[in-house]
file run11.txt (compact mmCIF, C-alpha atoms and all ligand atoms)
# COMPACT_ATOMS: atom_id res chain seq x y z
CA MET A 10 12.40 -6.43 -35.48
CA ARG A 11 14.16 -3.21 -36.47
CA VAL A 12 17.59 -2.97 -38.04
CA ASP A 13 19.27 0.10 -36.46
CA SER A 14 22.53 0.08 -38.37
CA ALA A 15 24.89 -2.04 -40.42
CA VAL A 16 28.66 -2.26 -40.62
CA LEU A 17 30.42 -2.99 -43.90
CA ARG A 18 33.85 -4.61 -43.80
CA HIS A 19 36.25 -5.33 -46.64
CA ILE A 20 38.58 -8.23 -45.89
CA LYS A 21 41.47 -9.72 -47.86
CA MET A 22 42.17 -13.45 -47.71
CA PRO A 23 44.77 -15.28 -49.83
CA LEU A 24 43.59 -18.66 -51.15
CA VAL A 25 45.68 -21.71 -50.26
CA HIS A 26 45.73 -22.54 -54.01
CA PHE A 27 44.69 -20.36 -56.93
CA PHE A 28 41.29 -21.20 -58.43
CA GLU A 29 40.90 -21.09 -62.21
CA THR A 30 37.64 -20.98 -64.14
CA SER A 31 36.97 -20.27 -67.81
CA PHE A 32 36.98 -16.55 -66.92
CA GLY A 33 40.29 -16.40 -65.04
CA ARG A 34 42.42 -17.17 -62.00
CA THR A 35 41.83 -16.01 -58.43
CA TYR A 36 44.75 -15.96 -55.99
CA GLU A 37 43.34 -13.75 -53.24
CA ARG A 38 39.76 -13.01 -52.25
CA ASP A 39 38.49 -9.50 -51.55
CA ILE A 40 35.28 -10.05 -49.62
CA ILE A 41 32.66 -7.66 -48.28
CA LEU A 42 31.00 -8.66 -44.99
CA VAL A 43 27.83 -7.07 -43.62
CA GLU A 44 26.93 -7.02 -39.93
CA ALA A 45 23.33 -5.95 -39.19
CA PHE A 46 22.47 -4.61 -35.72
CA SER A 47 19.26 -4.58 -33.73
CA ASP A 48 19.11 -3.70 -30.02
CA GLY A 49 22.72 -4.70 -29.42
CA ALA A 50 22.32 -8.07 -31.17
CA SER A 51 23.90 -8.58 -34.56
CA GLY A 52 23.74 -10.91 -37.54
CA TRP A 53 26.30 -11.51 -40.26
CA GLY A 54 26.22 -11.82 -44.03
CA GLU A 55 28.92 -12.37 -46.64
CA VAL A 56 28.62 -10.91 -50.11
CA THR A 57 29.60 -13.52 -52.71
CA ALA A 58 30.69 -11.13 -55.49
CA GLY A 59 34.10 -11.87 -56.97
CA GLU A 60 37.06 -9.53 -57.44
CA ASN A 61 36.09 -8.77 -61.05
CA PRO A 62 32.77 -8.48 -62.90
CA PHE A 63 33.37 -11.76 -64.79
CA TYR A 64 30.99 -14.29 -63.17
CA ASN A 65 28.23 -11.68 -63.16
CA GLU A 66 28.14 -7.87 -63.23
CA GLU A 67 29.11 -7.40 -59.59
CA TRP A 68 32.56 -7.13 -58.04
CA THR A 69 34.07 -6.20 -54.68
CA ALA A 70 34.15 -2.48 -55.43
CA SER A 71 30.56 -2.31 -56.76
CA VAL A 72 29.15 -3.90 -53.63
CA TRP A 73 30.12 -1.18 -51.15
CA PRO A 74 28.26 1.83 -52.65
CA LEU A 75 25.33 -0.39 -53.62
CA LEU A 76 24.86 -1.48 -50.03
CA ARG A 77 25.65 1.87 -48.39
CA ASP A 78 23.61 4.07 -50.73
CA TYR A 79 20.83 1.80 -51.99
CA ALA A 80 20.21 -1.59 -50.38
CA ILE A 81 20.58 -0.87 -46.66
CA PRO A 82 18.96 2.61 -46.15
CA PRO A 83 15.36 1.62 -47.13
CA VAL A 84 15.45 -1.19 -44.55
CA LEU A 85 16.88 0.72 -41.56
CA HIS A 86 14.60 1.92 -38.70
CA ARG A 87 11.50 0.20 -40.09
CA GLU A 88 9.44 -2.38 -38.28
CA LEU A 89 10.06 -5.68 -40.10
CA GLY A 90 7.67 -8.59 -39.61
CA SER A 91 10.59 -10.86 -40.48
CA ALA A 92 13.70 -11.05 -42.64
CA ARG A 93 11.35 -11.89 -45.53
CA ASP A 94 10.43 -8.19 -45.60
CA VAL A 95 13.93 -7.14 -46.70
CA THR A 96 13.79 -8.23 -50.36
CA PRO A 97 10.58 -6.31 -51.23
CA LEU A 98 12.10 -3.10 -49.74
CA ASN A 99 14.92 -3.44 -52.28
CA ALA A 100 12.97 -4.73 -55.24
CA HIS A 101 13.36 -1.39 -57.07
CA ILE A 102 17.12 -1.97 -57.45
CA ARG A 103 17.98 -3.64 -60.73
CA GLY A 104 20.48 -6.51 -60.49
CA HIS A 105 23.22 -6.50 -57.81
CA ASN A 106 21.68 -9.61 -56.28
CA MET A 107 24.86 -10.57 -54.45
CA ALA A 108 25.17 -7.24 -52.64
CA ARG A 109 21.49 -7.28 -51.70
CA GLY A 110 21.67 -10.97 -50.78
CA GLY A 111 24.62 -10.45 -48.43
CA PHE A 112 22.66 -7.91 -46.43
CA GLU A 113 19.44 -9.94 -46.56
CA ALA A 114 21.29 -12.99 -45.22
CA ALA A 115 22.66 -10.88 -42.36
CA VAL A 116 19.10 -9.92 -41.38
CA TRP A 117 18.04 -13.61 -41.42
CA ASP A 118 20.99 -14.44 -39.17
CA LEU A 119 20.06 -11.52 -36.91
CA GLU A 120 16.46 -12.73 -36.71
CA ALA A 121 17.56 -16.28 -35.87
CA ARG A 122 19.80 -14.92 -33.11
CA LEU A 123 17.04 -12.71 -31.69
CA HIS A 124 14.85 -15.86 -31.52
CA GLY A 125 17.75 -17.95 -30.18
CA VAL A 126 17.34 -20.55 -32.94
CA PRO A 127 19.69 -21.93 -35.58
CA LEU A 128 19.56 -20.21 -38.97
CA HIS A 129 18.58 -23.49 -40.69
CA LYS A 130 15.49 -23.58 -38.49
CA GLN A 131 14.69 -19.91 -39.13
CA ILE A 132 14.60 -20.53 -42.89
CA GLY A 133 12.42 -23.64 -42.51
CA GLY A 134 15.26 -26.11 -43.17
CA GLY A 135 16.77 -28.79 -40.96
CA ALA A 136 15.58 -31.68 -43.16
CA ARG A 137 18.97 -33.37 -42.73
CA ARG A 138 21.60 -33.45 -39.99
CA GLU A 139 24.51 -33.77 -42.42
CA ILE A 140 24.83 -32.25 -45.83
CA PRO A 141 26.43 -34.22 -48.70
CA CYS A 142 29.57 -32.56 -50.08
CA GLY A 143 31.35 -32.47 -53.40
CA VAL A 144 34.30 -30.38 -54.56
CA SER A 145 34.82 -28.04 -57.47
CA ILE A 146 38.30 -28.40 -58.96
CA GLY A 147 39.57 -25.53 -61.06
CA ILE A 148 41.43 -25.73 -64.36
CA GLN A 149 44.94 -27.10 -63.77
CA ASP A 150 48.23 -26.72 -65.64
CA SER A 151 48.25 -30.41 -66.60
CA VAL A 152 46.07 -33.53 -66.53
CA PRO A 153 48.40 -35.42 -64.10
CA GLN A 154 48.00 -32.48 -61.69
CA LEU A 155 44.24 -32.68 -62.03
CA ILE A 156 44.25 -36.44 -61.41
CA GLU A 157 46.40 -35.99 -58.32
CA LYS A 158 43.95 -33.40 -56.96
CA ILE A 159 41.01 -35.71 -57.59
CA GLU A 160 42.79 -38.53 -55.75
CA LEU A 161 43.32 -36.28 -52.72
CA GLU A 162 39.68 -35.16 -52.63
CA LEU A 163 38.37 -38.72 -52.98
CA ALA A 164 40.71 -39.85 -50.19
CA ALA A 165 39.22 -37.07 -48.02
CA GLY A 166 35.79 -38.65 -48.63
CA TYR A 167 34.13 -36.12 -50.97
CA GLN A 168 31.10 -37.65 -52.70
CA ARG A 169 31.41 -36.11 -56.14
CA ILE A 170 33.98 -34.33 -58.24
CA LYS A 171 33.26 -31.28 -60.39
CA ILE A 172 35.82 -30.26 -62.97
CA LYS A 173 35.95 -26.86 -64.58
CA ILE A 174 36.09 -27.05 -68.36
CA LYS A 175 36.54 -24.59 -71.25
CA PRO A 176 37.24 -25.02 -74.97
CA GLY A 177 40.64 -26.75 -75.16
CA TRP A 178 40.36 -28.22 -71.63
CA ASP A 179 37.41 -30.54 -72.07
CA ILE A 180 36.92 -33.81 -73.98
CA ASP A 181 40.49 -35.14 -73.77
CA VAL A 182 40.77 -34.15 -70.12
CA ILE A 183 37.46 -35.76 -69.14
CA ARG A 184 38.31 -38.91 -71.11
CA GLN A 185 41.53 -39.34 -69.10
CA VAL A 186 39.77 -38.62 -65.82
CA ARG A 187 37.03 -41.13 -66.63
CA GLU A 188 39.55 -43.81 -67.58
CA ARG A 189 41.33 -43.33 -64.27
CA PHE A 190 38.10 -43.07 -62.18
CA PRO A 191 35.40 -45.12 -63.96
CA ALA A 192 32.93 -45.22 -61.05
CA ILE A 193 33.00 -41.80 -59.35
CA LYS A 194 30.19 -39.26 -59.43
CA LEU A 195 31.66 -36.80 -61.92
CA MET A 196 30.37 -33.55 -63.43
CA VAL A 197 31.73 -30.55 -65.32
CA ASP A 198 31.17 -26.79 -65.17
CA ALA A 199 31.86 -24.63 -68.23
CA ASN A 200 30.95 -21.23 -66.77
CA SER A 201 29.38 -20.08 -70.05
CA SER A 202 32.40 -20.73 -72.25
CA TYR A 203 30.58 -22.41 -75.18
CA THR A 204 27.91 -21.45 -77.71
CA LEU A 205 25.24 -23.49 -79.42
CA ALA A 206 27.70 -23.88 -82.33
CA ASP A 207 29.68 -26.19 -79.98
CA ALA A 208 26.71 -28.56 -79.52
CA GLY A 209 28.53 -31.35 -81.39
CA ARG A 210 31.54 -31.04 -79.12
CA LEU A 211 29.40 -30.97 -75.97
CA LYS A 212 27.48 -34.01 -77.25
CA GLN A 213 30.76 -35.95 -77.06
CA LEU A 214 30.59 -35.59 -73.28
CA ASP A 215 27.57 -37.93 -73.22
CA GLU A 216 30.03 -40.81 -73.57
CA PHE A 217 31.35 -40.15 -70.03
CA TYR A 218 28.04 -40.59 -68.15
CA LEU A 219 28.50 -37.32 -66.24
CA MET A 220 25.95 -36.42 -63.55
CA MET A 221 25.46 -33.08 -65.32
CA ILE A 222 27.04 -30.31 -67.41
CA GLU A 223 26.81 -26.99 -65.60
CA GLN A 224 26.13 -23.73 -67.47
CA PRO A 225 27.70 -24.55 -70.85
CA LEU A 226 26.17 -21.55 -72.69
CA ALA A 227 25.80 -17.80 -72.13
CA HIS A 228 25.38 -16.39 -68.63
CA ASP A 229 22.10 -14.72 -69.60
CA ASP A 230 20.64 -17.40 -71.83
CA ILE A 231 17.90 -19.94 -71.17
CA ILE A 232 16.57 -20.52 -74.70
CA ASP A 233 19.78 -21.92 -76.24
CA HIS A 234 20.20 -24.17 -73.21
CA ALA A 235 16.78 -25.67 -74.04
CA ARG A 236 17.92 -26.27 -77.62
CA LEU A 237 21.14 -27.88 -76.39
CA GLN A 238 19.40 -30.01 -73.75
CA ALA A 239 17.18 -31.51 -76.46
CA ARG A 240 20.35 -32.83 -78.13
CA LEU A 241 22.14 -34.15 -75.01
CA GLN A 242 21.55 -37.16 -72.82
CA THR A 243 23.54 -35.60 -69.99
CA PRO A 244 21.37 -33.31 -67.85
CA ILE A 245 22.20 -29.62 -68.02
CA CYS A 246 22.50 -27.85 -64.67
CA LEU A 247 21.92 -24.10 -64.75
CA ASP A 248 23.93 -21.74 -62.55
CA GLU A 249 24.64 -18.18 -63.86
CA CYS A 250 21.35 -17.68 -65.72
CA ILE A 251 19.00 -18.52 -62.83
CA ARG A 252 18.74 -15.28 -60.88
CA SER A 253 15.18 -15.65 -59.62
CA ALA A 254 12.39 -18.16 -59.05
CA ARG A 255 10.77 -16.85 -62.23
CA HIS A 256 13.87 -17.80 -64.22
CA ALA A 257 13.79 -21.25 -62.62
CA GLU A 258 10.13 -21.68 -63.52
CA GLN A 259 10.70 -20.61 -67.13
CA ALA A 260 13.83 -22.75 -67.56
CA ILE A 261 12.02 -25.81 -66.23
CA GLN A 262 8.99 -25.16 -68.42
CA MET A 263 11.24 -24.89 -71.48
CA ARG A 264 13.17 -28.05 -70.50
CA ALA A 265 16.41 -26.07 -70.51
CA CYS A 266 17.82 -28.10 -67.60
CA GLY A 267 17.35 -31.17 -65.42
CA ILE A 268 19.06 -29.76 -62.33
CA ILE A 269 19.55 -26.30 -60.80
CA ASN A 270 22.47 -25.02 -58.75
CA ILE A 271 21.22 -22.54 -56.13
CA LYS A 272 23.58 -19.82 -54.94
CA LEU A 273 22.35 -17.59 -52.18
CA GLY A 274 24.01 -14.47 -53.55
CA ARG A 275 23.15 -15.02 -57.21
CA VAL A 276 19.41 -15.06 -56.42
CA GLY A 277 19.55 -12.17 -53.91
CA GLY A 278 19.29 -13.95 -50.56
CA PHE A 279 17.40 -16.56 -48.59
CA ALA A 280 13.83 -15.49 -49.46
CA GLU A 281 14.39 -15.93 -53.21
CA ALA A 282 16.56 -19.05 -52.69
CA LEU A 283 13.64 -20.61 -50.82
CA ARG A 284 11.32 -19.77 -53.71
CA VAL A 285 13.73 -21.29 -56.26
CA HIS A 286 13.95 -24.37 -54.05
CA ASP A 287 10.17 -24.69 -53.89
CA VAL A 288 9.64 -24.18 -57.63
CA CYS A 289 12.20 -26.91 -58.37
CA GLN A 290 10.81 -29.27 -55.76
CA ALA A 291 7.26 -28.94 -57.15
CA ALA A 292 8.61 -29.72 -60.66
CA GLY A 293 10.73 -32.70 -59.57
CA ILE A 294 14.00 -30.89 -60.37
CA PRO A 295 16.73 -31.63 -57.80
CA VAL A 296 18.93 -28.77 -56.57
CA TRP A 297 22.33 -28.44 -54.91
CA CYS A 298 24.16 -25.56 -53.26
CA GLY A 299 26.82 -23.85 -55.34
CA GLY A 300 29.87 -22.08 -53.93
CA MET A 301 31.68 -18.80 -54.61
CA LEU A 302 34.94 -19.48 -52.73
CA GLU A 303 33.27 -18.23 -49.56
CA ALA A 304 34.93 -17.47 -46.26
CA GLY A 305 33.37 -19.01 -43.17
CA ILE A 306 30.25 -16.86 -42.89
CA GLY A 307 29.08 -17.50 -46.44
CA ARG A 308 30.04 -21.15 -46.05
CA ALA A 309 27.93 -21.46 -42.87
CA HIS A 310 24.97 -19.83 -44.62
CA ASN A 311 25.35 -22.34 -47.46
CA ILE A 312 25.25 -25.17 -44.94
CA ALA A 313 21.97 -23.84 -43.50
CA LEU A 314 20.50 -23.53 -47.01
CA SER A 315 21.59 -27.08 -47.87
CA THR A 316 19.38 -28.51 -45.10
CA LEU A 317 16.24 -27.80 -47.16
CA PRO A 318 14.60 -31.02 -48.40
CA ASN A 319 15.19 -30.68 -52.17
CA PHE A 320 18.98 -30.22 -51.78
CA THR A 321 19.36 -33.92 -52.57
CA LEU A 322 22.59 -33.76 -54.61
CA PRO A 323 26.08 -33.13 -53.18
CA GLY A 324 26.91 -29.42 -53.36
CA ASP A 325 30.10 -27.36 -53.75
CA VAL A 326 30.22 -26.58 -50.01
CA SER A 327 33.40 -28.10 -48.63
CA ALA A 328 35.93 -27.76 -45.79
CA SER A 329 37.47 -24.39 -44.90
CA ARG A 330 40.97 -25.82 -45.21
CA ARG A 331 40.56 -26.33 -48.96
CA TYR A 332 40.54 -22.53 -49.28
CA TRP A 333 42.10 -20.92 -46.21
CA LYS A 334 45.04 -21.28 -43.86
CA ARG A 335 42.89 -19.60 -41.23
CA ASP A 336 39.15 -18.91 -41.57
CA ILE A 337 37.11 -16.07 -40.04
CA ILE A 338 34.94 -18.52 -38.06
CA LEU A 339 35.57 -20.97 -35.24
CA PRO A 340 35.65 -23.89 -35.46
CA LEU A 341 36.58 -24.32 -39.12
CA VAL A 342 34.07 -25.99 -41.43
CA GLU A 343 35.15 -29.63 -41.56
CA THR A 344 33.90 -32.70 -43.36
CA THR A 345 33.34 -36.21 -42.02
CA ALA A 346 35.00 -39.30 -43.54
CA ARG A 347 31.64 -39.84 -45.33
CA GLY A 348 32.05 -36.58 -47.25
CA THR A 349 29.43 -34.69 -45.28
CA ILE A 350 29.32 -31.59 -43.09
CA ALA A 351 27.51 -31.98 -39.77
CA VAL A 352 24.89 -29.26 -39.23
CA ARG A 353 25.48 -27.20 -36.06
CA ASP A 354 22.68 -26.14 -33.75
CA GLY A 355 23.95 -22.96 -32.12
CA PRO A 356 21.93 -19.76 -32.64
CA GLY A 357 22.24 -18.08 -36.04
CA PHE A 358 24.71 -19.58 -38.48
CA GLY A 359 26.12 -21.74 -35.71
CA TYR A 360 29.81 -20.77 -35.71
CA ALA A 361 31.69 -18.09 -33.75
CA ILE A 362 33.44 -15.19 -35.47
CA ASP A 363 37.23 -15.14 -35.00
CA HIS A 364 37.26 -11.42 -34.18
CA ASP A 365 41.04 -11.12 -33.76
CA PHE A 366 41.70 -12.63 -37.14
CA LEU A 367 38.89 -10.65 -38.73
CA ARG A 368 40.37 -7.38 -37.43
CA SER A 369 43.78 -8.30 -38.76
CA ILE A 370 42.52 -8.78 -42.34
CA THR A 371 40.04 -5.87 -42.45
CA VAL A 372 41.20 -3.12 -44.81
CA ARG A 373 38.11 -0.90 -44.71
CA GLU A 374 35.14 -0.47 -42.43
CA GLU A 375 32.10 1.82 -42.54
CA THR A 376 28.93 2.12 -40.49
CA VAL A 377 25.63 2.76 -42.25
CA SER A 378 23.02 4.22 -39.93
O1 LIG A 401 30.49 -21.54 -61.28
O2 LIG A 401 30.28 -22.60 -59.46
C1 LIG A 401 30.86 -21.72 -60.13
C2 LIG A 401 33.79 -20.30 -58.12
C3 LIG A 401 33.74 -18.99 -58.52
C4 LIG A 401 32.81 -18.59 -59.44
C5 LIG A 401 31.90 -19.51 -59.96
C6 LIG A 401 31.92 -20.82 -59.56
C7 LIG A 401 32.90 -21.24 -58.66
C8 LIG A 401 33.07 -22.61 -58.22
C9 LIG A 401 33.75 -22.83 -56.90
O3 LIG A 401 32.79 -23.58 -58.90
C10 LIG A 401 32.87 -23.42 -55.88
C11 LIG A 401 33.54 -23.36 -54.53
O4 LIG A 401 34.39 -24.22 -54.28
O5 LIG A 401 33.23 -22.45 -53.75
MG MG A 402 28.97 -22.86 -61.81

call {"tool": "encode", "arguments": {"input": "run11.txt", "output": "structure tokens", "more": "lines below"}}
Ligand code: OSB
Ligand code: MG
result
Amino acid sequence: MRVDSAVLRHIKMPLVHFFETSFGRTYERDIILVEAFSDGASGWGEVTAGENPFYNEEWTASVWPLLRDYAIPPVLHRELGSARDVTPLNAHIRGHNMARGGFEAAVWDLEARLHGVPLHKQIGGGARREIPCGVSIGIQDSVPQLIEKIELELAAGYQRIKIKIKPGWDIDVIRQVRERFPAIKLMVDANSSYTLADAGRLKQLDEFYLMMIEQPLAHDDIIDHARLQARLQTPICLDECIRSARHAEQAIQMRACGIINIKLGRVGGFAEALRVHDVCQAAGIPVWCGGMLEAGIGRAHNIALSTLPNFTLPGDVSASRRYWKRDIILPLVETTARGTIAVRDGPGFGYAIDHDFLRSITVREETVS
């Protein structure tokens, strides 16, 4: 397979509701899409970088020059044995995993389409026909508002609830949620808003039998997480600080976590996500698929990833309508009453692009050839 060219698109999509994490509120997404071409066929990727460099170092504006000037050119017009060959051609670039991963995912989708097979099959997945779904609920203005949101998501069938926490929106909030919902699968995500000095406070969360506490400490730390984990009963789940299979291996060896959240973009694409998956599986560490408020293409890629065997816990991949009035794919991603998403078997990521809508929300487009 040869990639002849790629098209970058910048789209703007307002969220149905703002989403608040410990690092800020998002009202509208600015997303970069990558379409990779070979012999008239094309595959799609979605870059999961946010609008600001707050989750990691990347943001919408950093992605464009990185892809155009660095990540795509070394791959064009070369004979590739498979999409697995993309990552090594870009290994000299430091960081920018999300930009690289968006392009890499497009080449996997392209390869699947050239073979006429579903993307989940191309990556070696397909272990399950439905993926278990949870939701991530952002920081709210009040606890009653949060409780109302949880009620709605449970009524829709979602299997577990994740609540964003930060200092000042933590113990008291979780206590009230637990009192109201004593039996649900519940977890929290701090997005790096605590330090080891808060270990006593985080220890108080043990009382609420949470499934896990996601990324309580620094975005680039593994060592302090190991120190904290030794003091907590609740398993730590690492998100931000696992950017490669090597990080996963080291974190597991140090007992810094009991669970890992895999995000396709954060680790630089499918090839590395597969390696993280395999490292965790061999060590008996369960994984689940994280989300970055993706539009339909990224969402569909997450569904394919979630069909790998060690994705045994409900992920943050949920229905399109929780984010968008209209999505860029058809049909929309929907959940069953059991809180699952049925895996589709069309070629590639399995959904059609809504080209009319996509055109209407595209603010910039450039071909790299
Ligand atoms: O830490 O998982 C996170 C959204 C933006 C940045 C980071 C995170 C999140 C989410 C939302 O939790 C998951 C989703 O619903 O897509
Ligand atoms: Mg997280």

call {"tool": "atom_distance", "arguments": {"input": "run11.txt", "atom1": "atom CA of A:Asp354", "atom2": "atom CA of A:Gly125"}}
result
10.2 Å

call {"tool": "residues_near_ligand", "arguments": {"input": "run11.txt", "ligand": "ligand MG 402 (chain A)", "cutoff": "7 Å", "atoms": "all atoms listed in the file", "output": "ChimeraX atom specification"}}
result
/A:198,200,223-224,248-249,299

call {"tool": "closest_atom_pairs", "arguments": {"input": "run11.txt", "of": "stretch 266-326 of chain A", "to": "stretch 100-107 of chain A", "cutoff": "12 Å", "atoms": "only C-alpha atoms", "output": "Markdown table"}}
result
| residue | atom | partner | partner_atom | distance |
| --- | --- | --- | --- | --- |
| A:Lys272 | CA | A:Met107 | CA | 9.4 |
| A:Leu273 | CA | A:Met107 | CA | 7.8 |
| A:Gly274 | CA | A:Met107 | CA | 4.1 |
| A:Arg275 | CA | A:Met107 | CA | 5.5 |
| A:Val276 | CA | A:Asn106 | CA | 5.9 |
| A:Gly277 | CA | A:Asn106 | CA | 4.1 |
| A:Gly278 | CA | A:Asn106 | CA | 7.6 |
| A:Phe279 | CA | A:Asn106 | CA | 11.2 |
| A:Ala280 | CA | A:Asn106 | CA | 11.9 |
| A:Glu281 | CA | A:Asn106 | CA | 10.1 |
| A:Ala282 | CA | A:Asn106 | CA | 11.3 |
| A:Met301 | CA | A:Met107 | CA | 10.7 |
| A:Gly307 | CA | A:Met107 | CA | 11.4 |

call {"tool": "atom_distance", "arguments": {"input": "run11.txt", "atom1": "atom CA of A:Leu211", "atom2": "atom CA of A:Ile180"}}
result
8.3 Å

call {"tool": "residues_around", "arguments": {"input": "run11.txt", "residues": "stretch 34-50 of chain A", "least_positions_apart": "3", "cutoff": "7 Å", "atoms": "all atoms listed in the file", "output": "count of residues only"}}
result
30

call {"tool": "closest_residue", "arguments": {"input": "run11.txt", "among": "A:Pro141, A:Gly135, A:Gly324, A:Pro127", "to": "ligand LIG 401 (chain A)", "atoms": "all atoms listed in the file"}}
result
A:Gly324

call {"tool": "residues_around", "arguments": {"input": "run11.txt", "residues": "A:His129", "least_positions_apart": "6", "cutoff": "9 Å", "atoms": "only C-alpha atoms", "output": "list of chain:residue names"}}
result
A:Ala121, A:Gly135, A:His310, A:Ile312, A:Ala313, A:Leu314, A:Ser315, A:Thr316, A:Leu317, A:Val352, A:Asp354, A:Gly357, A:Phe358

call {"tool": "axis_aligned_box", "arguments": {"input": "run11.txt", "around": "ligand LIG 401 (chain A)", "padding_each_side": "6 Å", "output": "JSON"}}
result
{"center_x": 32.3, "center_y": -21.4, "center_z": -57.5, "size_x": 16.1, "size_y": 17.6, "size_z": 19.5}

call {"tool": "atom_distance", "arguments": {"input": "run11.txt", "atom1": "atom CA of A:Glu188", "atom2": "atom C2 of ligand LIG 401 (chain A)"}}
result
26.0 Å

call {"tool": "residues_around", "arguments": {"input": "run11.txt", "residues": "A:Gly166", "least_positions_apart": "2", "cutoff": "7 Å", "atoms": "all atoms listed in the file", "output": "ChimeraX atom specification"}}
result
/A:162-164,168,346-348

call {"tool": "closest_residue", "arguments": {"input": "run11.txt", "among": "A:Thr344, A:Ser329, A:Gln149, A:Ser369", "to": "A:Glu303", "atoms": "only C-alpha atoms"}}
result
A:Ser329

call {"tool": "build_atoms", "arguments": {"input": "run11.txt", "residues": "stretch 349-354 of chain A", "atoms": "all heavy atoms", "output": "short mmCIF file (atom, residue, chain, number, x, y, z; two decimals), in the coordinates of the input"}}
result
data_model
loop_
_atom_site.label_atom_id
_atom_site.label_comp_id
_atom_site.auth_asym_id
_atom_site.auth_seq_id
_atom_site.Cartn_x
_atom_site.Cartn_y
_atom_site.Cartn_z
N THR A 349 30.57 -35.52 -45.67
CA THR A 349 29.43 -34.69 -45.28
C THR A 349 29.91 -33.61 -44.31
O THR A 349 31.00 -33.72 -43.74
CB THR A 349 28.33 -35.52 -44.56
OG1 THR A 349 28.87 -36.03 -43.33
CG2 THR A 349 27.84 -36.66 -45.43
N ILE A 350 29.08 -32.58 -44.14
CA ILE A 350 29.32 -31.59 -43.09
C ILE A 350 28.19 -31.73 -42.09
O ILE A 350 27.01 -31.74 -42.48
CB ILE A 350 29.35 -30.16 -43.66
CG1 ILE A 350 30.57 -29.98 -44.59
CG2 ILE A 350 29.40 -29.13 -42.52
CD1 ILE A 350 30.57 -28.67 -45.37
N ALA A 351 28.53 -31.88 -40.81
CA ALA A 351 27.51 -31.98 -39.77
C ALA A 351 26.91 -30.60 -39.51
O ALA A 351 27.64 -29.61 -39.41
CB ALA A 351 28.13 -32.54 -38.49
N VAL A 352 25.59 -30.53 -39.44
CA VAL A 352 24.89 -29.26 -39.23
C VAL A 352 24.98 -28.89 -37.75
O VAL A 352 24.75 -29.73 -36.88
CB VAL A 352 23.41 -29.40 -39.67
CG1 VAL A 352 22.64 -28.12 -39.39
CG2 VAL A 352 23.35 -29.77 -41.16
N ARG A 353 25.34 -27.64 -37.46
CA ARG A 353 25.48 -27.20 -36.06
C ARG A 353 24.20 -26.52 -35.59
O ARG A 353 23.46 -25.94 -36.38
CB ARG A 353 26.68 -26.24 -35.94
CG ARG A 353 28.00 -26.96 -36.16
CD ARG A 353 29.13 -25.97 -36.32
NE ARG A 353 29.33 -25.16 -35.13
CZ ARG A 353 30.12 -25.49 -34.11
NH1 ARG A 353 30.81 -26.61 -34.15
NH2 ARG A 353 30.25 -24.68 -33.08
N ASP A 354 23.96 -26.60 -34.28
CA ASP A 354 22.68 -26.14 -33.75
C ASP A 354 22.76 -24.91 -32.86
O ASP A 354 21.80 -24.57 -32.18
CB ASP A 354 21.99 -27.28 -32.99
CG ASP A 354 21.31 -28.24 -33.97
OD1 ASP A 354 20.87 -27.75 -35.04
OD2 ASP A 354 21.24 -29.44 -33.68
#
